[in-house]
$ cat data-v8.txt   # compact mmCIF, C-alpha atoms
# COMPACT_ATOMS: atom_id res chain seq x y z
CA MET A 1 62.73 43.41 17.14
CA SER A 2 63.89 40.12 15.55
CA ASN A 3 60.87 38.32 17.10
CA SER A 4 58.28 40.79 15.83
CA PRO A 5 57.54 38.98 12.52
CA GLY A 6 56.99 35.69 14.43
CA ARG A 7 54.73 37.33 16.96
CA ALA A 8 52.77 39.01 14.15
CA LEU A 9 52.36 35.70 12.29
CA ARG A 10 51.19 33.90 15.44
CA SER A 11 48.72 36.70 16.17
CA SER A 12 47.35 36.49 12.63
CA LEU A 13 46.91 32.71 12.85
CA VAL A 14 45.12 32.97 16.18
CA ALA A 15 42.79 35.61 14.78
CA LEU A 16 42.07 33.48 11.71
CA ILE A 17 41.25 30.44 13.85
CA LEU A 18 38.89 32.49 16.01
CA LEU A 19 37.15 33.87 12.93
CA LEU A 20 36.72 30.39 11.43
CA ALA A 21 35.30 29.05 14.71
CA ALA A 22 32.85 31.93 14.94
CA ALA A 23 31.79 31.37 11.34
CA LEU A 24 31.14 27.68 11.95
CA LEU A 25 29.10 28.39 15.06
CA ALA A 26 27.03 30.95 13.21
CA ALA A 27 26.48 28.85 10.07
CA PRO A 28 22.73 28.38 9.61
CA GLY A 29 22.92 24.63 8.83
CA ALA A 30 25.46 23.70 11.47
CA SER A 31 22.94 22.84 14.18
CA ALA A 32 19.92 22.20 11.96
CA ARG A 33 21.07 19.26 9.83
CA PRO A 34 18.03 16.94 9.42
CA GLN A 35 18.25 13.63 11.18
CA ALA A 36 17.84 10.44 9.18
CA ALA A 37 14.43 8.81 9.60
CA ALA A 38 14.42 5.92 12.04
CA PRO A 39 12.77 2.62 11.05
CA VAL A 40 9.47 1.74 12.69
CA PRO A 41 9.03 -1.23 15.06
CA PRO A 42 9.03 -4.46 13.01
CA ALA A 43 5.84 -6.35 12.16
CA THR A 44 3.67 -3.61 13.68
CA LEU A 45 1.49 -1.08 11.90
CA THR A 46 2.90 2.24 13.11
CA GLU A 47 1.80 5.82 12.56
CA VAL A 48 4.59 8.19 11.51
CA THR A 49 4.26 11.94 12.03
CA GLY A 50 6.36 14.85 10.80
CA PHE A 51 7.30 13.02 7.62
CA GLY A 52 7.57 16.11 5.41
CA ALA A 53 5.40 18.36 3.25
CA ASN A 54 1.78 17.39 3.83
CA PRO A 55 -0.58 20.14 2.60
CA SER A 56 -3.79 18.13 3.09
CA ASN A 57 -2.98 16.72 6.54
CA LEU A 58 -2.83 13.06 5.59
CA GLN A 59 -1.88 10.48 8.18
CA MET A 60 0.94 8.07 7.43
CA TYR A 61 1.06 4.46 8.58
CA VAL A 62 3.96 2.12 7.86
CA TYR A 63 4.32 -1.64 8.04
CA ALA A 64 7.82 -3.11 7.89
CA PRO A 65 8.18 -6.88 8.27
CA ALA A 66 10.44 -8.51 10.84
CA THR A 67 12.91 -9.20 8.03
CA VAL A 68 13.30 -6.35 5.55
CA THR A 69 15.40 -7.01 2.46
CA ALA A 70 18.43 -4.85 1.79
CA HIS A 71 17.33 -1.72 -0.09
CA PRO A 72 13.71 -2.88 -0.03
CA PRO A 73 10.98 -2.01 -2.52
CA VAL A 74 8.18 0.25 -1.27
CA LEU A 75 4.46 -0.36 -1.81
CA VAL A 76 1.90 2.41 -1.25
CA ALA A 77 -1.52 0.88 -0.46
CA VAL A 78 -4.33 3.44 -0.78
CA HIS A 79 -7.72 3.00 0.89
CA TRP A 80 -11.28 3.46 -0.40
CA CYS A 81 -13.76 6.27 0.38
CA GLY A 82 -14.76 5.99 4.01
CA GLY A 83 -11.75 3.85 4.77
CA SER A 84 -8.43 4.53 6.45
CA GLY A 85 -4.83 3.40 6.43
CA PRO A 86 -5.44 0.90 9.26
CA ALA A 87 -8.55 -0.42 7.46
CA MET A 88 -6.50 -0.96 4.28
CA TYR A 89 -3.90 -2.75 6.40
CA SER A 90 -6.39 -5.11 8.04
CA GLY A 91 -8.61 -5.56 4.98
CA THR A 92 -5.91 -6.62 2.52
CA GLU A 93 -3.03 -9.09 2.63
CA TYR A 94 -0.19 -6.75 1.61
CA ALA A 95 1.33 -6.88 5.10
CA GLN A 96 1.42 -10.67 4.99
CA LEU A 97 3.03 -10.55 1.56
CA ALA A 98 5.55 -8.04 2.91
CA ASP A 99 6.36 -10.57 5.64
CA ARG A 100 7.12 -13.08 2.92
CA TYR A 101 9.01 -10.92 0.43
CA GLY A 102 10.60 -8.24 2.61
CA PHE A 103 9.21 -5.01 1.14
CA VAL A 104 7.85 -2.05 3.14
CA VAL A 105 4.21 -0.93 2.93
CA VAL A 106 2.96 2.65 3.33
CA TYR A 107 -0.74 3.18 4.14
CA PRO A 108 -1.81 6.83 3.59
CA SER A 109 -4.94 7.83 5.50
CA VAL A 110 -7.33 10.70 4.71
CA THR A 111 -8.41 13.03 7.53
CA ARG A 112 -10.98 15.15 5.63
CA SER A 113 -14.58 14.35 6.52
CA SER A 114 -15.37 12.45 3.32
CA LYS A 115 -12.45 10.05 3.90
CA CYS A 116 -11.97 10.20 0.11
CA PHE A 117 -8.71 11.06 -1.62
CA ASP A 118 -8.50 14.27 -3.64
CA VAL A 119 -8.42 13.18 -7.29
CA SER A 120 -10.36 16.15 -8.65
CA SER A 121 -8.74 19.47 -7.71
CA PRO A 122 -6.32 21.26 -10.04
CA GLN A 123 -3.72 21.03 -7.26
CA ALA A 124 -3.95 17.25 -7.14
CA LEU A 125 -3.64 16.82 -10.89
CA ARG A 126 -0.20 18.32 -11.38
CA ARG A 127 3.18 17.36 -10.05
CA GLY A 128 4.01 19.24 -6.85
CA GLY A 129 0.72 21.12 -7.06
CA GLY A 130 -0.33 20.39 -3.51
CA SER A 131 -3.02 18.30 -1.84
CA ASP A 132 -2.79 14.53 -1.30
CA PRO A 133 -0.16 13.51 -3.90
CA VAL A 134 2.43 15.79 -2.29
CA GLY A 135 1.83 14.19 1.11
CA VAL A 136 2.14 10.69 -0.34
CA LYS A 137 5.39 11.64 -2.08
CA SER A 138 6.73 12.85 1.30
CA MET A 139 5.83 9.49 2.83
CA ILE A 140 7.83 7.70 0.14
CA ASP A 141 10.80 9.99 0.75
CA TRP A 142 10.62 9.25 4.49
CA VAL A 143 10.60 5.48 3.96
CA SER A 144 13.39 5.74 1.39
CA ALA A 145 15.56 7.50 3.99
CA ALA A 146 14.63 5.19 6.86
CA TYR A 147 15.27 1.95 4.98
CA ALA A 148 17.67 2.98 2.20
CA ALA A 149 14.88 1.80 -0.11
CA ASP A 150 15.29 0.97 -3.78
CA THR A 151 13.83 4.12 -5.35
CA GLY A 152 13.55 2.31 -8.66
CA ARG A 153 11.04 -0.13 -7.13
CA VAL A 154 8.25 2.02 -5.71
CA PHE A 155 4.68 0.90 -6.43
CA ALA A 156 1.10 2.01 -5.73
CA THR A 157 -2.15 0.11 -5.46
CA GLY A 158 -5.60 1.19 -4.36
CA ILE A 159 -9.29 0.36 -4.18
CA SER A 160 -12.06 2.70 -5.43
CA SER A 161 -10.98 6.18 -4.27
CA GLY A 162 -7.55 4.61 -3.74
CA ALA A 163 -7.64 3.27 -7.30
CA MET A 164 -8.36 6.76 -8.59
CA MET A 165 -5.48 8.07 -6.48
CA THR A 166 -3.24 5.35 -7.91
CA ASN A 167 -3.98 6.73 -11.38
CA VAL A 168 -3.23 10.25 -10.12
CA LEU A 169 0.02 9.30 -8.39
CA LEU A 170 1.37 7.57 -11.49
CA GLY A 171 0.41 10.58 -13.61
CA ASP A 172 1.91 13.17 -11.27
CA TYR A 173 5.08 11.25 -10.41
CA PRO A 174 6.11 9.01 -13.33
CA ASP A 175 9.72 9.29 -12.15
CA VAL A 176 8.82 7.89 -8.71
CA PHE A 177 6.54 4.92 -9.45
CA ALA A 178 7.56 1.84 -11.41
CA ALA A 179 4.00 0.46 -11.65
CA GLY A 180 0.50 0.70 -10.24
CA SER A 181 -2.56 -1.49 -9.76
CA ALA A 182 -6.05 0.07 -9.61
CA PHE A 183 -9.16 -1.78 -8.42
CA SER A 184 -12.41 -0.11 -9.58
CA GLY A 185 -10.98 3.25 -10.59
CA VAL A 186 -11.23 5.87 -13.32
CA PRO A 187 -8.64 7.44 -15.65
CA PHE A 188 -6.31 10.19 -14.53
CA GLY A 189 -8.13 13.53 -14.85
CA CYS A 190 -11.58 12.00 -15.33
CA PHE A 191 -12.78 13.24 -11.94
CA ALA A 192 -11.43 16.77 -12.44
CA THR A 193 -13.59 19.61 -11.12
CA THR A 194 -13.07 23.35 -10.77
CA ASP A 195 -15.79 24.21 -8.23
CA GLY A 196 -14.25 22.55 -5.19
CA SER A 197 -16.49 19.51 -5.45
CA GLU A 198 -14.95 16.11 -4.76
CA TRP A 199 -17.46 14.28 -6.98
CA ASN A 200 -17.80 14.23 -10.77
CA SER A 201 -21.07 12.54 -11.73
CA ALA A 202 -20.30 12.43 -15.45
CA CYS A 203 -17.11 10.50 -14.78
CA SER A 204 -18.59 8.17 -12.17
CA GLY A 205 -21.46 7.44 -14.55
CA GLY A 206 -19.07 6.39 -17.29
CA THR A 207 -20.10 9.13 -19.73
CA VAL A 208 -16.70 10.86 -20.05
CA ILE A 209 -15.34 9.41 -23.27
CA ARG A 210 -12.11 10.58 -24.91
CA THR A 211 -9.62 9.34 -27.45
CA ALA A 212 -6.57 7.49 -26.24
CA ARG A 213 -4.39 10.46 -27.22
CA GLU A 214 -6.61 12.90 -25.30
CA TRP A 215 -6.43 10.74 -22.18
CA GLY A 216 -2.69 10.37 -22.57
CA ASP A 217 -2.25 14.12 -22.97
CA LEU A 218 -3.95 14.68 -19.60
CA VAL A 219 -1.31 12.48 -17.95
CA ARG A 220 1.56 14.13 -19.78
CA ALA A 221 0.29 17.60 -18.83
CA ALA A 222 0.69 16.73 -15.13
CA TYR A 223 4.47 16.85 -15.52
CA PRO A 224 5.25 19.05 -18.54
CA GLY A 225 8.56 18.36 -20.22
CA TYR A 226 9.07 14.94 -18.67
CA THR A 227 10.51 12.50 -21.22
CA GLY A 228 11.60 9.60 -19.02
CA PRO A 229 10.04 6.15 -18.64
CA ARG A 230 6.39 5.81 -17.62
CA PRO A 231 4.99 3.34 -15.06
CA ARG A 232 3.30 0.10 -15.98
CA MET A 233 -0.36 -0.21 -15.02
CA GLN A 234 -2.65 -3.05 -13.94
CA LEU A 235 -6.41 -2.38 -14.03
CA TRP A 236 -9.31 -4.29 -12.42
CA HIS A 237 -13.04 -3.64 -12.91
CA GLY A 238 -16.36 -5.41 -12.49
CA THR A 239 -18.89 -5.30 -15.32
CA GLU A 240 -21.72 -4.51 -12.87
CA ASP A 241 -19.97 -1.66 -11.05
CA ASP A 242 -22.74 0.79 -10.11
CA VAL A 243 -20.49 3.37 -8.40
CA LEU A 244 -17.77 3.94 -10.99
CA ARG A 245 -19.41 2.53 -14.09
CA TYR A 246 -17.73 -0.08 -16.28
CA PRO A 247 -17.00 2.23 -19.27
CA ASN A 248 -14.29 3.80 -17.11
CA PHE A 249 -12.36 0.53 -17.41
CA GLY A 250 -12.09 0.89 -21.18
CA GLU A 251 -11.12 4.55 -20.85
CA GLU A 252 -8.34 3.62 -18.42
CA ILE A 253 -7.03 1.07 -20.92
CA LYS A 254 -7.03 3.70 -23.65
CA GLN A 255 -5.19 6.15 -21.39
CA TRP A 256 -2.40 3.90 -20.17
CA THR A 257 -1.75 2.17 -23.48
CA ASP A 258 -1.29 5.63 -24.98
CA VAL A 259 0.93 6.76 -22.11
CA ARG A 260 3.07 3.65 -22.55
CA GLY A 261 3.07 3.97 -26.33
CA VAL A 262 1.62 0.52 -27.03
CA GLY A 263 -1.30 -0.55 -29.18
CA GLN A 264 -4.85 -0.98 -27.91
CA THR A 265 -5.11 -4.45 -29.43
CA PRO A 266 -4.27 -7.04 -26.76
CA ALA A 267 -1.03 -8.93 -27.17
CA ALA A 268 -2.54 -11.73 -25.08
CA THR A 269 -5.99 -12.65 -23.72
CA ASP A 270 -6.77 -15.36 -21.19
CA THR A 271 -9.09 -16.39 -18.36
CA PRO A 272 -7.07 -16.75 -15.14
CA ALA A 273 -10.22 -17.46 -13.08
CA SER A 274 -13.88 -18.19 -13.75
CA GLY A 275 -15.63 -15.07 -15.06
CA TRP A 276 -12.36 -13.17 -15.49
CA THR A 277 -11.01 -11.89 -18.78
CA ARG A 278 -7.41 -10.70 -18.68
CA THR A 279 -5.93 -8.70 -21.54
CA ARG A 280 -2.29 -7.66 -21.81
CA TYR A 281 -0.99 -4.85 -23.97
CA GLY A 282 2.51 -4.31 -25.29
CA GLY A 283 3.67 -7.69 -23.96
CA THR A 284 2.45 -11.16 -23.01
CA GLY A 285 4.22 -11.82 -19.70
CA ASP A 286 3.42 -11.11 -16.07
CA GLN A 287 4.99 -7.63 -16.29
CA ALA A 288 3.34 -6.39 -19.49
CA PRO A 289 3.21 -2.59 -19.89
CA VAL A 290 -0.56 -2.65 -19.33
CA GLU A 291 -2.66 -5.48 -17.89
CA ALA A 292 -6.46 -5.31 -17.53
CA VAL A 293 -8.72 -7.77 -15.71
CA SER A 294 -12.49 -7.63 -16.29
CA LEU A 295 -14.73 -9.50 -13.83
CA GLN A 296 -18.05 -10.58 -15.31
CA GLY A 297 -21.12 -9.91 -13.17
CA VAL A 298 -19.10 -8.35 -10.33
CA GLY A 299 -19.97 -5.01 -8.74
CA HIS A 300 -17.90 -2.17 -7.32
CA ASN A 301 -16.56 -4.04 -4.29
CA LEU A 302 -14.57 -6.52 -6.32
CA TYR A 303 -11.38 -6.82 -4.25
CA ALA A 304 -11.10 -10.33 -2.77
CA TRP A 305 -8.59 -12.55 -1.05
CA GLY A 306 -5.87 -13.74 -3.43
CA MET A 307 -5.90 -10.71 -5.72
CA ALA A 308 -3.04 -9.03 -3.87
CA ALA A 309 -0.75 -11.91 -4.80
CA ARG A 310 -1.51 -11.19 -8.47
CA VAL A 311 -0.67 -7.53 -7.86
CA ILE A 312 2.66 -8.54 -6.33
CA THR A 313 3.39 -10.73 -9.36
CA PHE A 314 2.61 -7.86 -11.75
CA PHE A 315 4.95 -5.62 -9.75
CA GLY A 316 7.64 -8.30 -9.78
CA LEU A 317 7.95 -8.26 -6.01
CA ASP A 318 7.83 -12.06 -5.83
CA THR A 319 10.62 -12.74 -8.32
CA SER A 320 13.51 -12.66 -5.84
CA GLY A 321 12.01 -15.40 -3.67
CA PRO A 322 10.75 -15.24 -0.09
CA VAL A 323 12.97 -13.79 2.63
CA PRO A 324 14.05 -16.08 5.46
CA GLN A 325 11.37 -16.27 8.13
CA PRO A 326 11.84 -16.83 11.86
CA GLU A 327 11.88 -20.49 12.75
CA PRO A 328 8.91 -21.82 14.74
CA GLY A 329 9.61 -22.01 18.45
CA GLY A 330 8.58 -18.69 19.98
CA CYS A 331 4.91 -19.62 19.90
CA ARG A 332 2.65 -22.60 19.43
CA VAL A 333 -1.00 -22.64 18.33
CA SER A 334 -3.70 -25.27 18.43
CA ALA A 335 -7.03 -24.68 16.69
CA THR A 336 -10.28 -26.64 16.52
CA THR A 337 -13.74 -26.07 15.09
CA ASN A 338 -17.20 -27.43 15.88
CA ALA A 339 -19.51 -27.15 12.87
CA TRP A 340 -23.21 -27.49 12.08
CA ASN A 341 -25.14 -26.82 8.85
CA THR A 342 -23.73 -23.46 7.70
CA GLY A 343 -22.23 -22.35 11.03
CA LEU A 344 -19.32 -23.17 13.27
CA THR A 345 -17.46 -22.12 16.38
CA GLY A 346 -13.68 -21.99 16.48
CA SER A 347 -11.29 -22.19 19.40
CA ILE A 348 -7.64 -21.10 19.22
CA THR A 349 -5.08 -21.58 21.99
CA LEU A 350 -1.87 -19.54 21.75
CA THR A 351 1.12 -20.52 23.89
CA ASN A 352 4.24 -18.42 24.41
CA THR A 353 7.09 -20.94 24.04
CA GLY A 354 9.75 -18.24 24.07
CA THR A 355 11.89 -17.07 26.95
CA THR A 356 10.53 -13.51 27.30
CA THR A 357 7.10 -12.09 28.09
CA VAL A 358 4.95 -10.99 25.15
CA ASP A 359 3.37 -7.64 25.96
CA GLY A 360 0.64 -7.13 23.38
CA TRP A 361 -0.03 -9.74 20.72
CA ARG A 362 -1.46 -9.90 17.21
CA LEU A 363 -2.15 -13.41 16.01
CA ALA A 364 -2.54 -13.55 12.22
CA PHE A 365 -4.01 -16.60 10.52
CA ALA A 366 -5.64 -17.76 7.30
CA LEU A 367 -9.37 -18.43 7.62
CA PRO A 368 -10.43 -21.16 5.16
CA SER A 369 -12.26 -20.07 2.02
CA GLY A 370 -16.00 -19.58 2.47
CA GLN A 371 -15.81 -18.85 6.21
CA THR A 372 -16.81 -15.46 7.65
CA ILE A 373 -16.47 -14.53 11.32
CA THR A 374 -19.68 -13.09 12.76
CA ASN A 375 -18.55 -12.54 16.36
CA GLY A 376 -15.70 -13.46 18.67
CA TRP A 377 -14.40 -13.38 22.22
CA GLY A 378 -11.02 -12.93 23.85
CA ALA A 379 -9.78 -10.77 20.94
CA THR A 380 -10.88 -8.43 18.19
CA TYR A 381 -10.89 -9.91 14.70
CA ALA A 382 -10.30 -8.03 11.44
CA PRO A 383 -11.15 -8.49 8.68
CA SER A 384 -13.91 -11.08 9.03
CA ALA A 385 -12.65 -13.35 6.24
CA GLY A 386 -9.45 -14.30 4.45
CA ALA A 387 -6.27 -13.14 6.19
CA VAL A 388 -7.55 -12.44 9.71
CA THR A 389 -5.67 -10.81 12.58
CA ALA A 390 -6.80 -11.37 16.18
CA THR A 391 -5.64 -8.59 18.51
CA ASN A 392 -5.49 -9.10 22.26
CA ALA A 393 -8.17 -7.78 24.60
CA SER A 394 -7.28 -5.33 27.36
CA TYR A 395 -7.15 -8.12 29.97
CA ASN A 396 -5.07 -10.78 28.17
CA GLY A 397 -2.36 -8.89 26.30
CA SER A 398 0.54 -10.11 28.47
CA LEU A 399 1.82 -13.67 27.96
CA ALA A 400 4.64 -14.84 30.22
CA PRO A 401 6.96 -17.62 29.00
CA GLY A 402 5.00 -20.85 28.99
CA ALA A 403 1.65 -19.08 29.41
CA SER A 404 -1.34 -19.68 27.14
CA VAL A 405 -4.46 -17.80 26.12
CA THR A 406 -7.57 -19.26 24.49
CA ILE A 407 -9.77 -17.18 22.20
CA GLY A 408 -12.77 -18.07 20.09
CA TYR A 409 -15.14 -17.01 17.38
CA GLN A 410 -18.37 -17.89 15.64
CA ALA A 411 -18.47 -18.04 11.84
CA THR A 412 -20.59 -19.01 8.88
CA HIS A 413 -19.27 -21.37 6.22
CA THR A 414 -20.22 -22.58 2.75
CA GLY A 415 -19.10 -26.18 3.20
CA ASN A 416 -15.52 -25.93 4.38
CA SER A 417 -15.56 -26.03 8.19
CA ALA A 418 -11.83 -26.67 8.68
CA ALA A 419 -9.78 -24.92 11.36
CA PRO A 420 -7.60 -21.97 10.35
CA GLY A 421 -3.88 -22.27 9.70
CA ALA A 422 -0.64 -20.40 8.89
CA PHE A 423 -0.35 -18.67 12.26
CA THR A 424 2.07 -15.82 13.00
CA LEU A 425 2.51 -14.03 16.33
CA ASN A 426 3.56 -10.39 15.85
CA GLY A 427 5.05 -11.38 12.51
CA ALA A 428 6.91 -14.53 13.68
CA THR A 429 5.80 -17.95 12.47
CA CYS A 430 4.20 -20.20 15.10
CA GLY A 431 4.39 -23.93 15.38
CA THR A 432 1.13 -25.87 15.51
CA GLY A 433 -0.20 -28.81 17.41

$ encode --input "data-v8.txt" --output "structure tokens"
Amino acid sequence: MSNSPGRALRSSLVALILLLAAALLAAPGASARPQAAAPVPPATLTEVTGFGANPSNLQMYVYAPATVTAHPPVLVAVHWCGGSGPAMYSGTEYAQLADRYGFVVVYPSVTRSSKCFDVSSPQALRRGGGSDPVGVKSMIDWVSAAYAADTGRVFATGISSGAMMTNVLLGDYPDVFAAGSAFSGVPFGCFATTDGSEWNSACSGGTVIRTAREWGDLVRAAYPGYTGPRPRMQLWHGTEDDVLRYPNFGEEIKQWTDVRGVGQTPAATDTPASGWTRTRYGGTGDQAPVEAVSLQGVGHNLYAWGMAARVITFFGLDTSGPVPQPEPGGCRVSATTNAWNTGLTGSITLTNTGTTTVDGWRLAFALPSGQTITNGWGATYAPSAGAVTATNASYNGSLAPGASVTIGYQATHTGNSAAPGAFTLNGATCGTG
């Protein structure tokens, strides 16, 4: 009988351990803990699926440079009506700037038939209401997890429909975005409709005129009760815009100066390029609360090579200096041109000087100003001017060590018939000569 208390205690402990084990096995989260997002392949535009809540079935594309900074900033680059994430990637130089400064770029892509972003439905115009903004927010959350991103340095930029979405994103999620840059857009809420239509003719025609306070109230109503800091905004518009008329530019200025609580009288006015008038509100530096650039005589399709660098400066993404780039040595490029009058042909020879085979190549290069590719061979070329990327054909995508491939193109020029330069192979800098 003297051992009975010990036996009873041991029996109780065994029973307790079995109960705890059973409880752990039955716990609902024990086997369903979400896995951390994995980074995408470097220097390659990659589609990501299953990134989170996505009520309007957007596609997500991500570009991460070969060298990503620690806790990188995130840039959301939003395409135009009829465009796509890959088109925004190839038609702008944000990926090349990411290569230089180490941030990560997200390219949302619309799947609805119009290929336009929803900037008009009641769901889109309130925080967490549904539609496209919710999907974009999920993309940001995915990248933040995959790269331990700096959530205080998230930015948005867009062209046309993407510019309108930039306005919407900053209105819906002022706690997510630090700044935005909108090329040929309209104010937040200007395109609002209640009949399911994606188009608001009064807004596009520039006839929706409100006070600064009324515009600001529309933004504040998207996230009732929010009292934190609001994003900075950069605005671009051409005076001859015949799609989203020029009065929308002034209405955007009224809206965002009110949202930021700064006066509508410019603190600084200058002309950074011929035909441009830049006004800054609430400050005079590169990161003023609101910056607006008016382009005299320019239509709706105003985005051009070089503007993205000004966006990056406004965001402050170039202030920490360029990240270290791979040293030349893995590839070598020679390029020549043969010109006549206003035309030329170009020939580019790419050599793999590395020690491993390259399976699939993208050769990026800077086409001199005034040149436009009209056709090519040995590769596909996009876009046709500015920062061009040549992608291998089906028959020449594999380059063994020491092997070369020659590609070519025909182009028009306006006087500068020089060969291209600044070559990178799959994100790595190439030597020349």

$ residues_around --input "data-v8.txt" --residues "segment 95-98 of chain A" --least-positions-apart "6" --cutoff "12 Å" --atoms "only C-alpha atoms" --output "PDB file with C-alpha atoms, in the coordinates of the input"
ATOM      1  CA  PRO A  42       9.030  -4.460  13.010  1.00  0.00           C
ATOM      2  CA  ALA A  43       5.840  -6.350  12.160  1.00  0.00           C
ATOM      3  CA  THR A  44       3.670  -3.610  13.680  1.00  0.00           C
ATOM      4  CA  LEU A  45       1.490  -1.080  11.900  1.00  0.00           C
ATOM      5  CA  TYR A  61       1.060   4.460   8.580  1.00  0.00           C
ATOM      6  CA  VAL A  62       3.960   2.120   7.860  1.00  0.00           C
ATOM      7  CA  TYR A  63       4.320  -1.640   8.040  1.00  0.00           C
ATOM      8  CA  ALA A  64       7.820  -3.110   7.890  1.00  0.00           C
ATOM      9  CA  PRO A  65       8.180  -6.880   8.270  1.00  0.00           C
ATOM     10  CA  ALA A  66      10.440  -8.510  10.840  1.00  0.00           C
ATOM     11  CA  THR A  67      12.910  -9.200   8.030  1.00  0.00           C
ATOM     12  CA  VAL A  68      13.300  -6.350   5.550  1.00  0.00           C
ATOM     13  CA  THR A  69      15.400  -7.010   2.460  1.00  0.00           C
ATOM     14  CA  PRO A  72      13.710  -2.880  -0.030  1.00  0.00           C
ATOM     15  CA  PRO A  73      10.980  -2.010  -2.520  1.00  0.00           C
ATOM     16  CA  VAL A  74       8.180   0.250  -1.270  1.00  0.00           C
ATOM     17  CA  LEU A  75       4.460  -0.360  -1.810  1.00  0.00           C
ATOM     18  CA  VAL A  76       1.900   2.410  -1.250  1.00  0.00           C
ATOM     19  CA  ALA A  77      -1.520   0.880  -0.460  1.00  0.00           C
ATOM     20  CA  PRO A  86      -5.440   0.900   9.260  1.00  0.00           C
ATOM     21  CA  MET A  88      -6.500  -0.960   4.280  1.00  0.00           C
ATOM     22  CA  TYR A  89      -3.900  -2.750   6.400  1.00  0.00           C
ATOM     23  CA  VAL A 104       7.850  -2.050   3.140  1.00  0.00           C
ATOM     24  CA  VAL A 105       4.210  -0.930   2.930  1.00  0.00           C
ATOM     25  CA  VAL A 106       2.960   2.650   3.330  1.00  0.00           C
ATOM     26  CA  TYR A 107      -0.740   3.180   4.140  1.00  0.00           C
ATOM     27  CA  TRP A 305      -8.590 -12.550  -1.050  1.00  0.00           C
ATOM     28  CA  GLY A 306      -5.870 -13.740  -3.430  1.00  0.00           C
ATOM     29  CA  MET A 307      -5.900 -10.710  -5.720  1.00  0.00           C
ATOM     30  CA  ALA A 308      -3.040  -9.030  -3.870  1.00  0.00           C
ATOM     31  CA  ALA A 309      -0.750 -11.910  -4.800  1.00  0.00           C
ATOM     32  CA  ARG A 310      -1.510 -11.190  -8.470  1.00  0.00           C
ATOM     33  CA  VAL A 311      -0.670  -7.530  -7.860  1.00  0.00           C
ATOM     34  CA  ILE A 312       2.660  -8.540  -6.330  1.00  0.00           C
ATOM     35  CA  THR A 313       3.390 -10.730  -9.360  1.00  0.00           C
ATOM     36  CA  LEU A 317       7.950  -8.260  -6.010  1.00  0.00           C
ATOM     37  CA  ASP A 318       7.830 -12.060  -5.830  1.00  0.00           C
ATOM     38  CA  GLY A 321      12.010 -15.400  -3.670  1.00  0.00           C
ATOM     39  CA  PRO A 322      10.750 -15.240  -0.090  1.00  0.00           C
ATOM     40  CA  VAL A 323      12.970 -13.790   2.630  1.00  0.00           C
ATOM     41  CA  PRO A 324      14.050 -16.080   5.460  1.00  0.00           C
ATOM     42  CA  GLN A 325      11.370 -16.270   8.130  1.00  0.00           C
ATOM     43  CA  LEU A 363      -2.150 -13.410  16.010  1.00  0.00           C
ATOM     44  CA  ALA A 364      -2.540 -13.550  12.220  1.00  0.00           C
ATOM     45  CA  PHE A 365      -4.010 -16.600  10.520  1.00  0.00           C
ATOM     46  CA  ALA A 366      -5.640 -17.760   7.300  1.00  0.00           C
ATOM     47  CA  GLY A 386      -9.450 -14.300   4.450  1.00  0.00           C
ATOM     48  CA  ALA A 387      -6.270 -13.140   6.190  1.00  0.00           C
ATOM     49  CA  VAL A 388      -7.550 -12.440   9.710  1.00  0.00           C
ATOM     50  CA  THR A 389      -5.670 -10.810  12.580  1.00  0.00           C
ATOM     51  CA  ALA A 422      -0.640 -20.400   8.890  1.00  0.00           C
ATOM     52  CA  PHE A 423      -0.350 -18.670  12.260  1.00  0.00           C
ATOM     53  CA  THR A 424       2.070 -15.820  13.000  1.00  0.00           C
ATOM     54  CA  LEU A 425       2.510 -14.030  16.330  1.00  0.00           C
ATOM     55  CA  ASN A 426       3.560 -10.390  15.850  1.00  0.00           C
ATOM     56  CA  GLY A 427       5.050 -11.380  12.510  1.00  0.00           C
ATOM     57  CA  ALA A 428       6.910 -14.530  13.680  1.00  0.00           C
ATOM     58  CA  THR A 429       5.800 -17.950  12.470  1.00  0.00           C
TER      59      THR A 429
END

$ residues_around --input "data-v8.txt" --residues "Leu244 of chain A" --least-positions-apart "2" --cutoff "7 Å" --atoms "all atoms listed in the file" --output "short mmCIF file (atom, residue, chain, number, x, y, z; two decimals) with C-alpha atoms, in the coordinates of the input"
data_model
loop_
_atom_site.label_atom_id
_atom_site.label_comp_id
_atom_site.auth_asym_id
_atom_site.auth_seq_id
_atom_site.Cartn_x
_atom_site.Cartn_y
_atom_site.Cartn_z
CA SER A 184 -12.41 -0.11 -9.58
CA GLY A 185 -10.98 3.25 -10.59
CA SER A 204 -18.59 8.17 -12.17
CA GLY A 205 -21.46 7.44 -14.55
CA GLY A 206 -19.07 6.39 -17.29
CA ASP A 241 -19.97 -1.66 -11.05
CA ASP A 242 -22.74 0.79 -10.11
CA TYR A 246 -17.73 -0.08 -16.28
#

$ residues_around --input "data-v8.txt" --residues "Ser320 of chain A" --least-positions-apart "4" --cutoff "10 Å" --atoms "only C-alpha atoms" --output "number ranges by chain"
A: 101-102, 316

$ closest_residue --input "data-v8.txt" --among "A:Pro187, A:Pro174, A:Pro41, A:Gly330" --to "Pro247 of chain A" --atoms "all atoms listed in the file"
A:Pro187

$ atom_distance --input "data-v8.txt" --atom1 "atom CA of Ile407 of chain A" --atom2 "atom CA of Trp361 of chain A"
12.3 Å

$ residues_around --input "data-v8.txt" --residues "Arg127 of chain A" --least-positions-apart "5" --cutoff "10 Å" --atoms "all atoms listed in the file" --output "list of chain:residue names"
A:Pro133, A:Val134, A:Val168, A:Leu169, A:Gly171, A:Asp172, A:Tyr173, A:Pro174, A:Ala221, A:Ala222, A:Tyr223, A:Pro224
